[in-house]
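Pasting entry-v1.txt here (compact mmCIF, C-alpha atoms):
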```txt
# COMPACT_ATOMS: atom_id res chain seq x y z
CA MET W 1 -122.74 150.60 154.91
CA GLN W 2 -123.76 151.03 151.29
CA TYR W 3 -122.91 154.16 149.31
CA ARG W 4 -124.91 155.67 146.49
CA THR W 5 -124.58 158.59 144.12
CA LEU W 6 -126.63 161.59 145.19
CA GLY W 7 -128.79 162.11 142.13
CA ARG W 8 -126.56 163.16 139.23
CA THR W 9 -124.10 165.13 141.36
CA GLY W 10 -121.39 162.48 141.47
CA VAL W 11 -121.25 162.84 145.28
CA GLN W 12 -121.20 159.51 147.11
CA VAL W 13 -123.35 159.36 150.25
CA SER W 14 -124.18 156.64 152.75
CA SER W 15 -127.52 154.82 152.46
CA LEU W 16 -128.23 155.85 156.05
CA ALA W 17 -127.74 159.53 156.87
CA LEU W 18 -127.70 161.25 160.25
CA GLY W 19 -130.58 163.64 160.88
CA ALA W 20 -129.85 166.11 163.68
CA MET W 21 -133.35 167.30 164.58
CA ASN W 22 -133.08 165.70 168.02
CA PHE W 23 -129.88 167.56 168.91
CA GLY W 24 -130.63 170.07 171.64
CA SER W 25 -133.91 170.92 173.32
CA ILE W 26 -136.17 168.92 170.96
CA GLY W 27 -134.54 165.61 171.88
CA ARG W 28 -133.06 166.77 175.18
CA THR W 29 -129.63 165.88 173.80
CA THR W 30 -126.57 167.63 175.26
CA GLN W 31 -123.54 168.74 173.25
CA ASP W 32 -121.44 165.86 174.60
CA GLU W 33 -124.17 163.37 173.65
CA ALA W 34 -124.54 164.89 170.20
CA THR W 35 -120.79 164.75 169.60
CA THR W 36 -120.71 161.12 170.73
CA ILE W 37 -123.54 160.29 168.31
CA VAL W 38 -121.74 162.03 165.45
CA ASP W 39 -118.51 160.19 166.31
CA ALA W 40 -120.28 156.82 166.28
CA ALA W 41 -122.20 157.62 163.10
CA LEU W 42 -119.01 158.50 161.22
CA GLU W 43 -117.30 155.40 162.58
CA GLY W 44 -120.28 153.36 161.36
CA GLY W 45 -119.82 154.66 157.81
CA ILE W 46 -122.34 157.52 157.71
CA ASN W 47 -120.96 160.50 155.78
CA LEU W 48 -124.07 162.70 155.36
CA ILE W 49 -125.38 164.88 158.20
CA ASP W 50 -128.64 166.79 157.77
CA THR W 51 -129.95 169.58 159.98
CA ALA W 52 -132.08 172.74 159.61
CA ASP W 53 -132.08 176.30 160.90
CA MET W 54 -135.40 175.92 162.70
CA TYR W 55 -134.42 172.82 164.71
CA GLY W 56 -134.32 174.30 168.19
CA ASP W 57 -134.14 177.80 166.69
CA GLY W 58 -130.61 177.16 165.46
CA GLU W 59 -129.47 175.03 168.38
CA SER W 60 -129.10 171.88 166.26
CA GLU W 61 -126.87 173.66 163.74
CA GLU W 62 -124.66 174.99 166.53
CA MET W 63 -124.28 171.52 168.02
CA VAL W 64 -123.56 169.93 164.66
CA GLY W 65 -120.94 172.59 163.99
CA LYS W 66 -119.13 171.85 167.25
CA ALA W 67 -119.40 168.08 166.69
CA ILE W 68 -117.82 168.18 163.22
CA ALA W 69 -115.11 170.73 164.00
CA GLY W 70 -111.79 169.64 162.51
CA ARG W 71 -113.28 167.09 160.10
CA ARG W 72 -115.54 169.20 157.90
CA ASP W 73 -114.07 167.88 154.64
CA ASP W 74 -115.00 164.28 155.49
CA ILE W 75 -118.71 165.10 155.76
CA VAL W 76 -121.45 165.90 153.26
CA LEU W 77 -123.17 168.64 155.24
CA ALA W 78 -126.80 169.56 154.57
CA THR W 79 -129.11 172.09 156.14
CA LYS W 80 -132.48 173.64 155.37
CA ALA W 81 -134.28 176.99 155.48
CA GLY W 82 -137.74 178.35 154.85
CA LEU W 83 -139.80 177.46 157.92
CA PRO W 84 -140.43 180.30 160.41
CA MET W 85 -137.52 181.54 162.50
CA GLY W 86 -139.35 183.58 165.11
CA ASP W 87 -142.40 185.81 164.78
CA GLU W 88 -141.05 188.29 162.23
CA ARG W 89 -143.12 187.75 159.07
CA ASN W 90 -140.17 188.00 156.69
CA HIS W 91 -137.96 185.57 158.61
CA ARG W 92 -139.32 182.61 156.65
CA GLY W 93 -140.15 181.49 153.14
CA GLY W 94 -138.20 181.36 149.90
CA SER W 95 -137.55 185.02 149.08
CA ARG W 96 -134.07 186.21 148.14
CA ARG W 97 -134.24 188.65 151.04
CA TRP W 98 -134.63 185.86 153.57
CA LEU W 99 -132.54 183.08 152.03
CA VAL W 100 -129.39 185.22 151.82
CA THR W 101 -129.74 186.13 155.49
CA ALA W 102 -130.79 182.64 156.57
CA LEU W 103 -127.80 181.01 154.90
CA ASP W 104 -125.34 183.44 156.49
CA ASN W 105 -126.92 182.67 159.88
CA SER W 106 -126.64 178.92 159.27
CA LEU W 107 -123.01 179.15 158.19
CA ARG W 108 -122.21 181.14 161.33
CA ARG W 109 -123.94 178.63 163.59
CA LEU W 110 -122.31 175.67 161.84
CA GLY W 111 -118.89 177.34 161.89
CA VAL W 112 -118.24 176.64 158.19
CA ASP W 113 -117.83 178.70 155.03
CA HIS W 114 -120.15 176.56 152.90
CA VAL W 115 -122.69 173.74 153.06
CA ASP W 116 -122.79 170.92 150.55
CA LEU W 117 -126.58 170.82 150.25
CA TYR W 118 -128.97 173.69 151.02
CA GLN W 119 -132.64 172.70 151.00
CA ILE W 120 -135.87 174.67 150.91
CA HIS W 121 -137.68 173.16 153.90
CA ARG W 122 -141.19 173.52 152.46
CA TRP W 123 -142.66 174.89 149.26
CA ASP W 124 -143.55 178.56 149.78
CA PRO W 125 -146.79 179.34 147.88
CA SER W 126 -146.22 183.08 148.26
CA THR W 127 -142.87 183.10 146.43
CA GLY W 128 -142.29 182.35 142.76
CA ASP W 129 -139.86 179.62 141.74
CA GLU W 130 -137.75 182.07 139.73
CA GLU W 131 -137.22 184.24 142.82
CA THR W 132 -136.07 181.31 144.95
CA LEU W 133 -133.99 179.57 142.29
CA SER W 134 -132.20 182.76 141.23
CA ALA W 135 -131.21 183.43 144.84
CA LEU W 136 -129.98 179.86 145.30
CA THR W 137 -128.08 179.99 142.02
CA ASP W 138 -126.30 183.17 143.11
CA LEU W 139 -125.44 181.66 146.49
CA GLN W 140 -124.06 178.63 144.70
CA ARG W 141 -121.94 180.79 142.40
CA ALA W 142 -120.68 182.65 145.45
CA GLY W 143 -119.36 179.34 146.81
CA LYS W 144 -121.57 179.31 149.89
CA ILE W 145 -123.48 176.21 148.81
CA ARG W 146 -122.42 173.37 146.52
CA TYR W 147 -125.90 172.10 145.60
CA PHE W 148 -129.48 172.91 146.50
CA GLY W 149 -132.61 170.83 146.89
CA SER W 150 -136.23 170.80 148.00
CA SER W 151 -137.92 169.18 150.97
CA THR W 152 -141.46 167.82 151.16
CA PHE W 153 -142.53 169.40 147.86
CA PRO W 154 -145.67 168.10 146.11
CA ALA W 155 -144.84 166.34 142.85
CA HIS W 156 -146.30 169.09 140.68
CA ARG W 157 -144.13 171.70 142.41
CA ILE W 158 -141.02 169.59 141.80
CA VAL W 159 -141.90 169.51 138.10
CA GLN W 160 -142.68 173.24 138.01
CA ALA W 161 -139.35 174.11 139.65
CA GLN W 162 -137.45 171.97 137.14
CA TRP W 163 -139.25 173.73 134.27
CA THR W 164 -138.52 177.17 135.75
CA ALA W 165 -134.82 176.37 136.12
CA ARG W 166 -134.58 175.35 132.49
CA GLU W 167 -136.73 178.22 131.20
CA HIS W 168 -134.70 180.89 133.02
CA HIS W 169 -131.25 179.21 132.79
CA LEU W 170 -130.95 178.84 136.56
CA GLY W 171 -129.51 176.14 138.76
CA ARG W 172 -131.99 173.38 139.61
CA TYR W 173 -132.94 171.39 142.64
CA VAL W 174 -130.87 168.21 142.61
CA THR W 175 -132.49 166.51 145.60
CA GLU W 176 -135.88 166.07 147.25
CA GLN W 177 -136.47 165.17 150.90
CA PRO W 178 -139.91 163.59 151.41
CA SER W 179 -141.46 161.75 154.33
CA TYR W 180 -141.55 158.01 153.53
CA SER W 181 -142.15 154.86 155.54
CA ILE W 182 -144.09 151.61 155.41
CA LEU W 183 -147.00 153.43 157.06
CA GLN W 184 -146.83 156.52 154.83
CA ARG W 185 -146.41 155.34 151.23
CA GLY W 186 -148.24 158.13 149.42
CA VAL W 187 -145.05 159.51 147.83
CA GLU W 188 -144.79 156.29 145.80
CA THR W 189 -147.71 157.55 143.69
CA HIS W 190 -146.19 160.75 142.28
CA VAL W 191 -143.20 162.17 144.18
CA LEU W 192 -140.80 159.23 143.83
CA PRO W 193 -141.58 158.63 140.12
CA VAL W 194 -141.04 162.34 139.42
CA ALA W 195 -137.75 162.30 141.35
CA GLU W 196 -136.58 159.34 139.26
CA GLU W 197 -137.67 161.08 136.04
CA TYR W 198 -135.56 164.16 136.84
CA GLY W 199 -132.62 162.28 138.32
CA LEU W 200 -133.01 163.75 141.80
CA GLY W 201 -131.30 162.33 144.83
CA VAL W 202 -133.92 161.39 147.43
CA LEU W 203 -133.25 161.67 151.17
CA VAL W 204 -136.28 160.30 153.01
CA TRP W 205 -137.19 161.45 156.49
CA SER W 206 -139.21 159.71 159.21
CA PRO W 207 -138.54 156.18 157.87
CA LEU W 208 -139.51 154.88 161.34
CA ALA W 209 -142.79 156.84 161.20
CA SER W 210 -142.09 158.96 164.29
CA GLY W 211 -141.32 155.81 166.29
CA TRP W 212 -144.30 153.69 165.22
CA LEU W 213 -141.87 151.34 163.46
CA SER W 214 -139.12 151.37 166.08
CA GLY W 215 -140.46 148.34 167.95
CA ALA W 216 -141.43 150.48 170.93
CA VAL W 217 -145.08 150.79 169.90
CA ARG W 218 -147.04 147.57 170.35
CA ALA W 219 -150.57 146.59 171.28
CA GLY W 220 -151.18 146.29 175.02
CA ARG W 221 -148.20 148.45 175.94
CA SER W 222 -148.09 152.03 177.16
CA ILE W 223 -146.61 154.31 174.51
CA THR W 224 -143.78 156.25 176.16
CA THR W 225 -141.63 157.34 173.23
CA SER W 226 -140.15 160.84 173.13
CA ARG W 227 -142.26 161.74 170.10
CA SER W 228 -145.49 160.57 171.78
CA THR W 229 -144.81 163.06 174.58
CA LEU W 230 -144.41 165.90 172.08
CA MET W 231 -147.34 164.89 169.86
CA PRO W 232 -149.74 162.78 171.96
CA GLN W 233 -152.59 162.92 169.42
CA ARG W 234 -150.49 161.06 166.88
CA PHE W 235 -150.29 158.13 169.28
CA ASP W 236 -153.82 158.17 170.69
CA THR W 237 -154.99 154.65 169.86
CA GLY W 238 -158.58 155.73 170.44
CA LEU W 239 -158.45 157.45 167.03
CA PRO W 240 -159.38 155.32 164.00
CA GLU W 241 -156.26 156.21 162.01
CA ASN W 242 -154.01 155.26 164.92
CA ARG W 243 -155.84 151.99 165.46
CA ALA W 244 -155.19 151.24 161.76
CA ARG W 245 -151.50 152.01 162.27
CA LEU W 246 -151.32 149.83 165.35
CA ASP W 247 -152.97 146.94 163.50
CA ALA W 248 -150.42 147.28 160.69
CA VAL W 249 -147.56 147.46 163.21
CA GLU W 250 -148.66 144.20 164.83
CA GLN W 251 -148.70 142.46 161.46
CA LEU W 252 -145.33 143.95 160.53
CA ALA W 253 -143.84 142.85 163.87
CA GLU W 254 -144.93 139.29 163.17
CA LEU W 255 -143.45 139.51 159.67
CA ALA W 256 -140.15 140.85 160.99
CA ASP W 257 -139.96 138.06 163.57
CA GLN W 258 -140.57 135.43 160.89
CA ALA W 259 -137.83 136.97 158.73
CA GLY W 260 -135.36 137.12 161.61
CA LEU W 261 -135.27 140.92 161.57
CA THR W 262 -135.88 143.71 164.02
CA MET W 263 -138.67 146.16 163.26
CA ILE W 264 -136.02 148.79 162.59
CA GLN W 265 -134.28 146.59 160.06
CA LEU W 266 -137.60 145.89 158.35
CA ALA W 267 -138.53 149.59 158.25
CA LEU W 268 -135.19 150.93 157.04
CA GLY W 269 -134.64 148.04 154.65
CA PHE W 270 -138.02 148.80 153.10
CA VAL W 271 -137.32 152.45 152.25
CA THR W 272 -133.71 152.00 151.14
CA VAL W 273 -134.61 149.25 148.65
CA HIS W 274 -136.77 151.61 146.58
CA PRO W 275 -134.83 152.52 143.40
CA ALA W 276 -135.65 156.23 143.79
CA VAL W 277 -134.27 156.47 147.35
CA THR W 278 -130.67 157.50 147.91
CA SER W 279 -130.54 157.63 151.71
CA ALA W 280 -132.80 157.23 154.72
CA LEU W 281 -132.40 159.89 157.40
CA ILE W 282 -132.22 158.46 160.91
CA GLY W 283 -132.66 160.79 163.88
CA PRO W 284 -131.32 159.02 166.98
CA ARG W 285 -131.78 160.73 170.31
CA THR W 286 -129.33 158.44 172.11
CA LEU W 287 -126.29 156.34 171.25
CA GLU W 288 -128.40 153.22 171.84
CA HIS W 289 -130.89 154.41 169.23
CA LEU W 290 -128.08 155.00 166.76
CA HIS W 291 -126.58 151.54 167.17
CA SER W 292 -129.98 149.87 166.72
CA GLN W 293 -130.45 151.80 163.48
CA LEU W 294 -126.92 151.28 162.16
CA ALA W 295 -127.61 147.55 162.46
CA ALA W 296 -129.94 147.98 159.48
CA ALA W 297 -127.24 149.46 157.22
CA ASP W 298 -126.66 146.23 155.31
CA THR W 299 -130.24 144.92 155.43
CA VAL W 300 -131.54 143.75 152.05
CA LEU W 301 -135.17 142.61 152.12
CA PRO W 302 -136.01 139.65 149.87
CA ALA W 303 -138.93 139.81 147.44
CA ASP W 304 -141.22 137.66 149.57
CA VAL W 305 -140.85 140.00 152.55
CA LEU W 306 -141.51 143.03 150.36
CA ASP W 307 -144.59 141.32 148.92
CA ALA W 308 -145.82 140.64 152.46
CA ILE W 309 -145.35 144.31 153.38
CA ASP W 310 -147.42 145.27 150.31
CA ALA W 311 -150.19 142.99 151.56
CA ILE W 312 -150.22 144.75 154.94
CA VAL W 313 -149.98 148.34 153.65
CA ALA W 314 -150.82 148.71 149.97
CA PRO W 315 -148.39 150.63 147.73
CA GLY W 316 -149.16 154.35 147.56
CA THR W 317 -151.24 154.28 150.76
CA ASP W 318 -150.91 156.73 153.65
CA LEU W 319 -152.37 155.28 156.84
CA ALA W 320 -152.35 158.78 158.36
CA PRO W 321 -153.17 161.05 155.42
CA HIS W 322 -153.90 164.00 157.73
CA GLU W 323 -150.21 164.03 158.70
CA LYS W 324 -148.97 164.66 155.17
CA TYR W 325 -146.86 167.79 154.75
CA ASP W 326 -147.17 168.25 150.99
CA THR W 327 -150.93 168.70 150.78
CA PRO W 328 -151.84 171.54 148.36
CA PRO W 329 -152.78 174.64 150.42
CA ALA W 330 -156.22 174.89 148.76
CA LEU W 331 -157.21 171.59 150.36
CA LEU W 332 -156.46 172.97 153.81
CA ASP W 333 -157.76 176.54 153.45
CA PRO W 334 -161.32 176.87 152.03
CA SER W 335 -160.71 180.51 151.00
CA LEU W 336 -158.15 179.34 148.45
CA ARG W 337 -160.71 177.31 146.53
CA ARG W 338 -163.47 179.91 146.40
CA ARG W 339 -163.78 183.08 144.34
```
What does this structure look like when you write it as structure tokens?
Amino acid sequence: MQYRTLGRTGVQVSSLALGAMNFGSIGRTTQDEATTIVDAALEGGINLIDTADMYGDGESEEMVGKAIAGRRDDIVLATKAGLPMGDERNHRGGSRRWLVTALDNSLRRLGVDHVDLYQIHRWDPSTGDEETLSALTDLQRAGKIRYFGSSTFPAHRIVQAQWTAREHHLGRYVTEQPSYSILQRGVETHVLPVAEEYGLGVLVWSPLASGWLSGAVRAGRSITTSRSTLMPQRFDTGLPENRARLDAVEQLAELADQAGLTMIQLALGFVTVHPAVTSALIGPRTLEHLHSQLAAADTVLPADVLDAIDAIVAPGTDLAPHEKYDTPPALLDPSLRRR
């Protein structure tokens, strides 16, 4: 396992981090299975665990809390807030009112008195940066969080938040958590350069592209991954964008075979070699998944393999642009671009 400094915090974190979204009902993972996965991840050198309040409506946080009981100080613990928690209209977003409550709920579920990294799960267009940052700064001063970061923010919002922090003498986001994989390279255009410019730690999610790069998705085979059951349209090879992904996967599989690598090693080695990336979040649903991903911890892709990947999927290209989560709201809602 490699270790890297998380932005400018001085905190050392593993180049592979454990994402806990699959703990509980989403991944059909029991508490015993989750604890076993955490045990194996820590033994394999992982020291960063990332979860969120909305994963299973708090179930993931509860399971993580039980799994890390008695060894809290050995773990860099991260969680997120901001996405809806139920139908109540104010149980979401980046307002002070909600974040103070959401953090207390997360701490209770996790069974801890503080988290190391508290992240805003998505940019909230209805809440000003000063409102959110002032609340986070106060929570940090209260000792409930050590650092705070953003997740899946558009590049211009990352810049705006940094400016607001400086203008109003508030704490700043020290990390960003974007989606990044060989098949979704759009963040290379603006988000990753901006993160480097501001010295942010970068924790990338979905480096295996929801299973497309796991080796389980190949031409001529039935797609039976857990994610394909939850989101069948994303794996419908009758759609042009999915046929493009499948074509790229076939070429990448051939490249991996020639390089003596698994698809997982190719995929994780690709994202972790980028100079802006601190860690890649892996989200194993089983112990077998974890071991196959830990095998990529020391993978270093040579220049010729990286050049070949660029020839298959050009830098800055998203093969499924409709699946991006940082699209400006005005591009999705016509009323926002009309007087």
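With atom CA of W:Gln162 on one side and atom CA of W:Leu83 on the other, the separation reads 21.6 Å.
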_Here is a test: counting only C-alpha atoms, which residue of W:His274, W:His168, W:Arg338, W:His322 is nearest to W:Arg234?_
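Smallest separation from W:Arg234 among the options: W:His322.
Atom CA of W:Ile182 to atom CA of W:Ala267 spans 6.6 Å [interatomic distance, one decimal].
In this structure, atom CA of W:Arg172 sits 29.0 Å away from atom CA of W:Met1.
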_Between W:Ala20, W:Ala216, W:Ile309, W:Ile264, which residue has the minimum interatomic distance to W:Val64, considering all atoms listed in the file?_
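Answer, going by the shortest atom-to-atom distance: W:Ala20.
With distances taken over all atoms listed in the file, W:Glu288 is the one residue among W:Glu288, W:Asp310, W:Asp113, W:Asp74 lying closest to W:Ile37.
Comparing W:Arg108, W:Arg97, W:Val204, W:Leu268 by their smallest distance to W:Ala295, the closest is W:Leu268 (using all atoms listed in the file).
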*Which one of W:Glu61, W:Arg146, W:Leu99, W:Asn47 sits closest to W:Gly111 if you count only C-alpha atoms?*
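Smallest distance to W:Gly111 is found for W:Glu61.
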Please define a box with edges along x, y and z of the file around all atoms of stretch 284-303 of chain W given in the file, extend it by 4 Å on each side, and return its centre and edge lengths in Å to one decimal, as JSON.
```
{"center_x": -132.6, "center_y": 150.2, "center_z": 159.8, "size_x": 20.6, "size_y": 29.1, "size_z": 32.7}
```
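Closest approach to W:Met54 among W:Ala330, W:Ile120, W:Val174, W:Ile312 is made by W:Ile120 (distances from only C-alpha atoms).
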